[in-house]
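Encoded as structure tokens, the structure appears first; notes follow it.
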Amino acid sequence: MTKNKEYRKRLEGQYRALEEHLEKIARERQKPLAEQDEGLLIYWEKTVANCRQQIAKLERRLNR
């Protein structure tokens, strides 16, 4: 598999993971404040930040 094809495949996976985590955050935030799990929200927000960094990195590599 060529590098660009590999990067595109990994990029697609990162976009999927980002979408899933954003949906999880939205569902958790819809709950009443007393029922929200702040630990999960913090974890998912860190994961979202990591996904965005990986997406930026892969997009830079594709543009070379």
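Labels used: A, B, ... for chains in the order of the structure tokens, numbers from 1 for residues in each chain, and numbers from 1 for ligands as shown.
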Give me the residues within 12 Å of Leu22 of chain A as a VMD selection string, counting only C-alpha atoms and dropping any in the same chain fewer than 3 places off. chain A and resid 15 to 19 25 to 29 41 43 to 49 51 to 52
Excluding same-chain residues fewer than 6 positions from Asn4 of chain A, what lies within 12 Å of it counting only C-alpha atoms, as a PyMOL selection string? chain A and resi 10-11+58-64
